[in-house]
>>> print(open('protein.tsv').read())   # TSV, N, CA and C atoms
chain	number	residue	atom	x	y	z
A	628	MET	N	-10.16	-23.07	-0.44
A	628	MET	CA	-10.34	-22.12	-1.51
A	628	MET	C	-9.39	-20.96	-1.28
A	629	LEU	N	-8.68	-20.55	-2.32
A	629	LEU	CA	-7.77	-19.43	-2.25
A	629	LEU	C	-8.47	-18.17	-2.73
A	630	HIS	N	-8.22	-17.09	-2.05
A	630	HIS	CA	-8.76	-15.80	-2.45
A	630	HIS	C	-7.61	-14.90	-2.81
A	631	SER	N	-7.71	-14.24	-3.94
A	631	SER	CA	-6.65	-13.30	-4.32
A	631	SER	C	-6.95	-11.94	-3.71
A	632	MET	N	-5.89	-11.23	-3.41
A	632	MET	CA	-6.06	-9.89	-2.86
A	632	MET	C	-6.33	-8.94	-4.00
A	633	SER	N	-7.26	-8.06	-3.80
A	633	SER	CA	-7.57	-7.06	-4.80
A	633	SER	C	-6.55	-5.94	-4.72
A	634	THR	N	-6.16	-5.40	-5.87
A	634	THR	CA	-5.27	-4.25	-5.88
A	634	THR	C	-6.06	-2.96	-6.05
A	635	THR	N	-7.39	-3.08	-6.01
A	635	THR	CA	-8.24	-1.90	-6.11
A	635	THR	C	-8.27	-1.19	-4.77
A	636	VAL	N	-8.05	0.10	-4.82
A	636	VAL	CA	-8.08	0.90	-3.59
A	636	VAL	C	-9.53	1.18	-3.24
A	637	GLU	N	-9.86	0.90	-2.00
A	637	GLU	CA	-11.22	1.17	-1.53
A	637	GLU	C	-11.41	2.67	-1.38
A	638	PRO	N	-12.46	3.23	-1.95
A	638	PRO	CA	-12.68	4.67	-1.85
A	638	PRO	C	-12.97	5.14	-0.43
A	639	SER	N	-13.36	4.23	0.44
A	639	SER	CA	-13.69	4.61	1.81
A	639	SER	C	-12.46	4.73	2.70
A	640	SER	N	-11.27	4.53	2.12
A	640	SER	CA	-10.05	4.61	2.91
A	640	SER	C	-9.88	6.01	3.49
A	641	GLU	N	-9.70	6.08	4.78
A	641	GLU	CA	-9.57	7.36	5.46
A	641	GLU	C	-8.14	7.60	5.95
A	642	ARG	N	-7.23	6.71	5.58
A	642	ARG	CA	-5.85	6.85	6.08
A	642	ARG	C	-5.10	7.88	5.25
A	643	SER	N	-4.22	8.60	5.92
A	643	SER	CA	-3.40	9.58	5.22
A	643	SER	C	-2.26	8.87	4.49
A	644	ALA	N	-1.64	9.58	3.57
A	644	ALA	CA	-0.48	9.04	2.86
A	644	ALA	C	0.62	8.69	3.84
A	645	ALA	N	0.78	9.50	4.89
A	645	ALA	CA	1.82	9.24	5.89
A	645	ALA	C	1.55	7.94	6.64
A	646	GLU	N	0.29	7.68	6.97
A	646	GLU	CA	-0.06	6.45	7.67
A	646	GLU	C	0.21	5.22	6.80
A	647	VAL	N	-0.16	5.32	5.53
A	647	VAL	CA	0.07	4.21	4.60
A	647	VAL	C	1.57	4.01	4.40
A	648	ASN	N	2.32	5.11	4.31
A	648	ASN	CA	3.77	5.03	4.15
A	648	ASN	C	4.41	4.30	5.32
A	649	GLU	N	3.93	4.58	6.53
A	649	GLU	CA	4.45	3.87	7.70
A	649	GLU	C	4.21	2.37	7.59
A	650	GLU	N	3.05	1.99	7.08
A	650	GLU	CA	2.76	0.55	6.92
A	650	GLU	C	3.66	-0.06	5.86
A	651	ILE	N	3.94	0.68	4.80
A	651	ILE	CA	4.86	0.20	3.76
A	651	ILE	C	6.24	-0.02	4.36
A	652	ARG	N	6.71	0.95	5.13
A	652	ARG	CA	8.03	0.83	5.77
A	652	ARG	C	8.08	-0.38	6.71
A	653	ALA	N	7.02	-0.58	7.48
A	653	ALA	CA	6.96	-1.71	8.40
A	653	ALA	C	6.98	-3.04	7.64
A	654	LEU	N	6.29	-3.09	6.52
A	654	LEU	CA	6.29	-4.30	5.69
A	654	LEU	C	7.71	-4.62	5.23
A	655	TRP	N	8.44	-3.62	4.75
A	655	TRP	CA	9.81	-3.84	4.30
A	655	TRP	C	10.71	-4.28	5.45
A	656	LEU	N	10.52	-3.68	6.62
A	656	LEU	CA	11.33	-4.08	7.78
A	656	LEU	C	11.04	-5.53	8.17
A	657	ARG	N	9.77	-5.90	8.23
A	657	ARG	CA	9.40	-7.28	8.59
A	657	ARG	C	9.95	-8.29	7.59
A	658	SER	N	10.00	-7.89	6.32
A	658	SER	CA	10.42	-8.83	5.28
A	658	SER	C	11.93	-9.00	5.22
A	659	GLY	N	12.67	-8.10	5.84
A	659	GLY	CA	14.12	-8.17	5.76
A	659	GLY	C	14.64	-7.74	4.40
A	660	GLY	N	13.82	-7.02	3.64
A	660	GLY	CA	14.26	-6.50	2.34
A	660	GLY	C	13.90	-7.36	1.15
A	661	THR	N	13.33	-8.53	1.39
A	661	THR	CA	12.91	-9.42	0.29
A	661	THR	C	11.46	-9.80	0.51
A	662	LEU	N	10.59	-9.39	-0.41
A	662	LEU	CA	9.16	-9.64	-0.26
A	662	LEU	C	8.77	-10.99	-0.86
A	663	SER	N	7.94	-11.72	-0.13
A	663	SER	CA	7.35	-12.95	-0.66
A	663	SER	C	6.26	-12.57	-1.65
A	664	VAL	N	5.69	-13.52	-2.32
A	664	VAL	CA	4.60	-13.25	-3.27
A	664	VAL	C	3.45	-12.55	-2.55
A	665	GLU	N	3.07	-13.05	-1.39
A	665	GLU	CA	1.97	-12.46	-0.64
A	665	GLU	C	2.31	-11.04	-0.20
A	666	GLN	N	3.55	-10.84	0.25
A	666	GLN	CA	3.98	-9.52	0.69
A	666	GLN	C	4.03	-8.55	-0.49
A	667	ARG	N	4.43	-9.05	-1.66
A	667	ARG	CA	4.47	-8.21	-2.85
A	667	ARG	C	3.07	-7.72	-3.21
A	668	GLU	N	2.08	-8.61	-3.08
A	668	GLU	CA	0.69	-8.24	-3.35
A	668	GLU	C	0.23	-7.17	-2.35
A	669	GLU	N	0.59	-7.35	-1.09
A	669	GLU	CA	0.24	-6.37	-0.07
A	669	GLU	C	0.94	-5.03	-0.37
A	670	TYR	N	2.20	-5.09	-0.76
A	670	TYR	CA	2.95	-3.88	-1.10
A	670	TYR	C	2.28	-3.13	-2.25
A	671	GLN	N	1.88	-3.85	-3.29
A	671	GLN	CA	1.21	-3.22	-4.43
A	671	GLN	C	-0.09	-2.55	-4.00
A	672	ARG	N	-0.85	-3.21	-3.14
A	672	ARG	CA	-2.10	-2.64	-2.64
A	672	ARG	C	-1.81	-1.37	-1.84
A	673	LEU	N	-0.79	-1.43	-0.99
A	673	LEU	CA	-0.44	-0.28	-0.17
A	673	LEU	C	0.04	0.90	-1.02
A	674	VAL	N	0.83	0.63	-2.05
A	674	VAL	CA	1.32	1.70	-2.91
A	674	VAL	C	0.14	2.37	-3.63
A	675	MET	N	-0.82	1.58	-4.08
A	675	MET	CA	-2.02	2.14	-4.72
A	675	MET	C	-2.79	3.01	-3.72
A	676	GLU	N	-2.92	2.52	-2.49
A	676	GLU	CA	-3.61	3.29	-1.45
A	676	GLU	C	-2.84	4.57	-1.15
A	677	TRP	N	-1.52	4.48	-1.06
A	677	TRP	CA	-0.69	5.64	-0.79
A	677	TRP	C	-0.85	6.70	-1.89
A	678	ALA	N	-0.83	6.24	-3.15
A	678	ALA	CA	-0.97	7.17	-4.27
A	678	ALA	C	-2.33	7.86	-4.24
A	679	ALA	N	-3.37	7.13	-3.89
A	679	ALA	CA	-4.70	7.72	-3.82
A	679	ALA	C	-4.81	8.72	-2.68
A	680	ALA	N	-4.06	8.51	-1.61
A	680	ALA	CA	-4.12	9.38	-0.44
A	680	ALA	C	-3.17	10.57	-0.54
A	681	SER	N	-2.20	10.49	-1.46
A	681	SER	CA	-1.22	11.56	-1.59
A	681	SER	C	-1.86	12.79	-2.24
A	682	PRO	N	-1.44	13.96	-1.80
A	682	PRO	CA	-1.97	15.19	-2.41
A	682	PRO	C	-1.55	15.29	-3.87
A	683	ASP	N	-2.41	15.85	-4.68
A	683	ASP	CA	-2.12	16.05	-6.10
A	683	ASP	C	-1.18	17.25	-6.22
A	684	PRO	N	0.06	17.06	-6.72
A	684	PRO	CA	1.02	18.16	-6.76
A	684	PRO	C	0.56	19.33	-7.66
A	685	GLU	N	-0.22	19.04	-8.69
A	685	GLU	CA	-0.70	20.11	-9.57
A	685	GLU	C	-1.74	20.96	-8.86
A	686	ARG	N	-2.57	20.34	-8.02
A	686	ARG	CA	-3.57	21.08	-7.27
A	686	ARG	C	-2.94	21.90	-6.16
A	687	ALA	N	-1.84	21.41	-5.60
A	687	ALA	CA	-1.18	22.09	-4.49
A	687	ALA	C	-0.43	23.35	-4.95
A	688	ALA	N	-0.08	23.40	-6.23
A	688	ALA	CA	0.71	24.54	-6.75
A	688	ALA	C	-0.14	25.78	-6.93
>>> encode(input="protein.tsv", output="structure tokens")
Amino acid sequence: MLHSMSTTVEPSSERSAAEVNEEIRALWLRSGGTLSVEQREEYQRLVMEWAAASPDPERAA
């Protein structure tokens, strides 16, 4: 049975945007610059998590 990865960001995520960014960078390095379908799904999930963890620029002003 195949399970698809959810692109929904878990609200319980406690990682900072910087931590998620490091994982994104590591994913790109491991892939050699070309993401497989599975890696693309992971990348999309990570970007969603990063965006949720990033500070709101309007609130910071």
>>> atom_distance(input="protein.tsv", atom1="atom N of Gly659 (chain A)", atom2="CA of Glu641 (chain A)")
27.1 Å
>>> residues_around(input="protein.tsv", residues="Ser681 (chain A)", least_positions_apart="2", cutoff="8 Å", atoms="all atoms listed in the file", output="list of chain:residue names")
A:Arg642, A:Ser643, A:Ala644, A:Ala645, A:Met675, A:Glu676, A:Trp677, A:Ala678, A:Ala679, A:Asp683, A:Pro684
>>> atom_distance(input="protein.tsv", atom1="CA of Gln671 (chain A)", atom2="CA of Glu646 (chain A)")
15.5 Å
>>> residues_near_point(input="protein.tsv", point="(2.7, -2.7, 1.7)", cutoff="10 Å", atoms="only C-alpha atoms", output="PyMOL selection string")
chain A and resi 647-655+662+666-677
>>> atom_distance(input="protein.tsv", atom1="atom N of Ala680 (chain A)", atom2="atom N of Leu656 (chain A)")
20.7 Å
>>> select_by_dssp(input="protein.tsv", residues="region 636-681 of chain A", states="helix (DSSP H, G or I)", output="count of residues only")
32
>>> axis_aligned_box(input="protein.tsv", around="region 650-667 of chain A", padding_each_side="3 Å", output="lines of an AutoDock Vina configuration file")
center_x = 8.3
center_y = -5.8
center_z = 2.7
size_x = 18.7
size_y = 21.5
size_z = 17.9
>>> decode(input="protein.tsv", residues="region 642-688 of chain A", atoms="N, CA and C atoms", output="JSON list (two decimals), in the first residue's frame")
[["chain", "number", "residue", "atom", "x", "y", "z"],
["A", 642, "ARG", "N", 10.02, 23.68, 15.17],
["A", 642, "ARG", "CA", 11.29, 24.04, 14.54],
["A", 642, "ARG", "C", 11.24, 25.48, 14.05],
["A", 643, "SER", "N", 12.38, 26.14, 14.14],
["A", 643, "SER", "CA", 12.47, 27.52, 13.64],
["A", 643, "SER", "C", 12.59, 27.50, 12.12],
["A", 644, "ALA", "N", 12.35, 28.66, 11.53],
["A", 644, "ALA", "CA", 12.50, 28.80, 10.07],
["A", 644, "ALA", "C", 13.93, 28.47, 9.67],
["A", 645, "ALA", "N", 14.91, 28.85, 10.50],
["A", 645, "ALA", "CA", 16.31, 28.58, 10.19],
["A", 645, "ALA", "C", 16.59, 27.08, 10.17],
["A", 646, "GLU", "N", 16.00, 26.34, 11.11],
["A", 646, "GLU", "CA", 16.20, 24.89, 11.15],
["A", 646, "GLU", "C", 15.60, 24.22, 9.92],
["A", 647, "VAL", "N", 14.40, 24.65, 9.54],
["A", 647, "VAL", "CA", 13.75, 24.09, 8.36],
["A", 647, "VAL", "C", 14.54, 24.45, 7.11],
["A", 648, "ASN", "N", 15.05, 25.68, 7.05],
["A", 648, "ASN", "CA", 15.86, 26.12, 5.91],
["A", 648, "ASN", "C", 17.09, 25.24, 5.75],
["A", 649, "GLU", "N", 17.73, 24.89, 6.86],
["A", 649, "GLU", "CA", 18.89, 24.01, 6.80],
["A", 649, "GLU", "C", 18.52, 22.65, 6.21],
["A", 650, "GLU", "N", 17.35, 22.14, 6.57],
["A", 650, "GLU", "CA", 16.91, 20.86, 6.01],
["A", 650, "GLU", "C", 16.62, 20.98, 4.52],
["A", 651, "ILE", "N", 16.07, 22.11, 4.10],
["A", 651, "ILE", "CA", 15.83, 22.35, 2.67],
["A", 651, "ILE", "C", 17.15, 22.36, 1.92],
["A", 652, "ARG", "N", 18.13, 23.07, 2.47],
["A", 652, "ARG", "CA", 19.45, 23.14, 1.83],
["A", 652, "ARG", "C", 20.09, 21.75, 1.73],
["A", 653, "ALA", "N", 19.97, 20.97, 2.79],
["A", 653, "ALA", "CA", 20.53, 19.62, 2.80],
["A", 653, "ALA", "C", 19.85, 18.74, 1.75],
["A", 654, "LEU", "N", 18.54, 18.89, 1.61],
["A", 654, "LEU", "CA", 17.81, 18.13, 0.59],
["A", 654, "LEU", "C", 18.34, 18.45, -0.80],
["A", 655, "TRP", "N", 18.54, 19.73, -1.09],
["A", 655, "TRP", "CA", 19.06, 20.12, -2.40],
["A", 655, "TRP", "C", 20.47, 19.59, -2.62],
["A", 656, "LEU", "N", 21.29, 19.63, -1.57],
["A", 656, "LEU", "CA", 22.66, 19.11, -1.71],
["A", 656, "LEU", "C", 22.64, 17.60, -1.97],
["A", 657, "ARG", "N", 21.82, 16.86, -1.23],
["A", 657, "ARG", "CA", 21.74, 15.41, -1.42],
["A", 657, "ARG", "C", 21.24, 15.06, -2.81],
["A", 658, "SER", "N", 20.35, 15.89, -3.35],
["A", 658, "SER", "CA", 19.74, 15.57, -4.65],
["A", 658, "SER", "C", 20.65, 15.91, -5.82],
["A", 659, "GLY", "N", 21.68, 16.69, -5.57],
["A", 659, "GLY", "CA", 22.55, 17.12, -6.67],
["A", 659, "GLY", "C", 21.90, 18.15, -7.56],
["A", 660, "GLY", "N", 20.85, 18.80, -7.06],
["A", 660, "GLY", "CA", 20.20, 19.87, -7.82],
["A", 660, "GLY", "C", 18.99, 19.44, -8.61],
["A", 661, "THR", "N", 18.69, 18.15, -8.64],
["A", 661, "THR", "CA", 17.50, 17.65, -9.34],
["A", 661, "THR", "C", 16.71, 16.79, -8.39],
["A", 662, "LEU", "N", 15.48, 17.22, -8.09],
["A", 662, "LEU", "CA", 14.65, 16.50, -7.13],
["A", 662, "LEU", "C", 13.82, 15.42, -7.80],
["A", 663, "SER", "N", 13.77, 14.25, -7.18],
["A", 663, "SER", "CA", 12.88, 13.18, -7.63],
["A", 663, "SER", "C", 11.46, 13.55, -7.21],
["A", 664, "VAL", "N", 10.49, 12.78, -7.62],
["A", 664, "VAL", "CA", 9.10, 13.03, -7.25],
["A", 664, "VAL", "C", 8.96, 13.03, -5.72],
["A", 665, "GLU", "N", 9.55, 12.05, -5.07],
["A", 665, "GLU", "CA", 9.47, 11.96, -3.61],
["A", 665, "GLU", "C", 10.16, 13.15, -2.95],
["A", 666, "GLN", "N", 11.31, 13.53, -3.48],
["A", 666, "GLN", "CA", 12.04, 14.67, -2.92],
["A", 666, "GLN", "C", 11.27, 15.97, -3.14],
["A", 667, "ARG", "N", 10.59, 16.08, -4.29],
["A", 667, "ARG", "CA", 9.79, 17.27, -4.56],
["A", 667, "ARG", "C", 8.66, 17.40, -3.54],
["A", 668, "GLU", "N", 8.04, 16.26, -3.20],
["A", 668, "GLU", "CA", 6.97, 16.26, -2.20],
["A", 668, "GLU", "C", 7.53, 16.69, -0.84],
["A", 669, "GLU", "N", 8.71, 16.18, -0.50],
["A", 669, "GLU", "CA", 9.34, 16.57, 0.76],
["A", 669, "GLU", "C", 9.69, 18.06, 0.74],
["A", 670, "TYR", "N", 10.20, 18.55, -0.38],
["A", 670, "TYR", "CA", 10.54, 19.96, -0.53],
["A", 670, "TYR", "C", 9.30, 20.83, -0.32],
["A", 671, "GLN", "N", 8.19, 20.46, -0.94],
["A", 671, "GLN", "CA", 6.95, 21.22, -0.79],
["A", 671, "GLN", "C", 6.50, 21.26, 0.67],
["A", 672, "ARG", "N", 6.60, 20.12, 1.35],
["A", 672, "ARG", "CA", 6.23, 20.06, 2.76],
["A", 672, "ARG", "C", 7.13, 20.97, 3.59],
["A", 673, "LEU", "N", 8.43, 20.92, 3.31],
["A", 673, "LEU", "CA", 9.39, 21.74, 4.04],
["A", 673, "LEU", "C", 9.16, 23.23, 3.80],
["A", 674, "VAL", "N", 8.86, 23.62, 2.57],
["A", 674, "VAL", "CA", 8.61, 25.02, 2.27],
["A", 674, "VAL", "C", 7.37, 25.51, 3.02],
["A", 675, "MET", "N", 6.34, 24.68, 3.08],
["A", 675, "MET", "CA", 5.14, 25.04, 3.83],
["A", 675, "MET", "C", 5.48, 25.21, 5.32],
["A", 676, "GLU", "N", 6.28, 24.28, 5.85],
["A", 676, "GLU", "CA", 6.69, 24.37, 7.25],
["A", 676, "GLU", "C", 7.54, 25.62, 7.48],
["A", 677, "TRP", "N", 8.45, 25.92, 6.55],
["A", 677, "TRP", "CA", 9.30, 27.09, 6.66],
["A", 677, "TRP", "C", 8.45, 28.37, 6.68],
["A", 678, "ALA", "N", 7.47, 28.43, 5.77],
["A", 678, "ALA", "CA", 6.61, 29.62, 5.70],
["A", 678, "ALA", "C", 5.82, 29.80, 6.99],
["A", 679, "ALA", "N", 5.35, 28.71, 7.57],
["A", 679, "ALA", "CA", 4.60, 28.79, 8.82],
["A", 679, "ALA", "C", 5.49, 29.22, 9.98],
["A", 680, "ALA", "N", 6.76, 28.87, 9.93],
["A", 680, "ALA", "CA", 7.69, 29.19, 11.01],
["A", 680, "ALA", "C", 8.33, 30.56, 10.85],
["A", 681, "SER", "N", 8.26, 31.13, 9.64],
["A", 681, "SER", "CA", 8.89, 32.42, 9.38],
["A", 681, "SER", "C", 8.09, 33.54, 10.06],
["A", 682, "PRO", "N", 8.81, 34.54, 10.55],
["A", 682, "PRO", "CA", 8.11, 35.67, 11.18],
["A", 682, "PRO", "C", 7.28, 36.43, 10.14],
["A", 683, "ASP", "N", 6.16, 36.95, 10.57],
["A", 683, "ASP", "CA", 5.29, 37.74, 9.69],
["A", 683, "ASP", "C", 5.91, 39.12, 9.53],
["A", 684, "PRO", "N", 6.32, 39.52, 8.31],
["A", 684, "PRO", "CA", 7.00, 40.80, 8.13],
["A", 684, "PRO", "C", 6.13, 42.01, 8.52],
["A", 685, "GLU", "N", 4.82, 41.90, 8.38],
["A", 685, "GLU", "CA", 3.94, 43.00, 8.74],
["A", 685, "GLU", "C", 3.89, 43.18, 10.25],
["A", 686, "ARG", "N", 3.93, 42.07, 10.99],
["A", 686, "ARG", "CA", 3.93, 42.13, 12.45],
["A", 686, "ARG", "C", 5.25, 42.64, 12.98],
["A", 687, "ALA", "N", 6.33, 42.35, 12.28],
["A", 687, "ALA", "CA", 7.67, 42.74, 12.74],
["A", 687, "ALA", "C", 7.91, 44.24, 12.56],
["A", 688, "ALA", "N", 7.18, 44.87, 11.65],
["A", 688, "ALA", "CA", 7.39, 46.30, 11.35],
["A", 688, "ALA", "C", 6.82, 47.19, 12.43]]
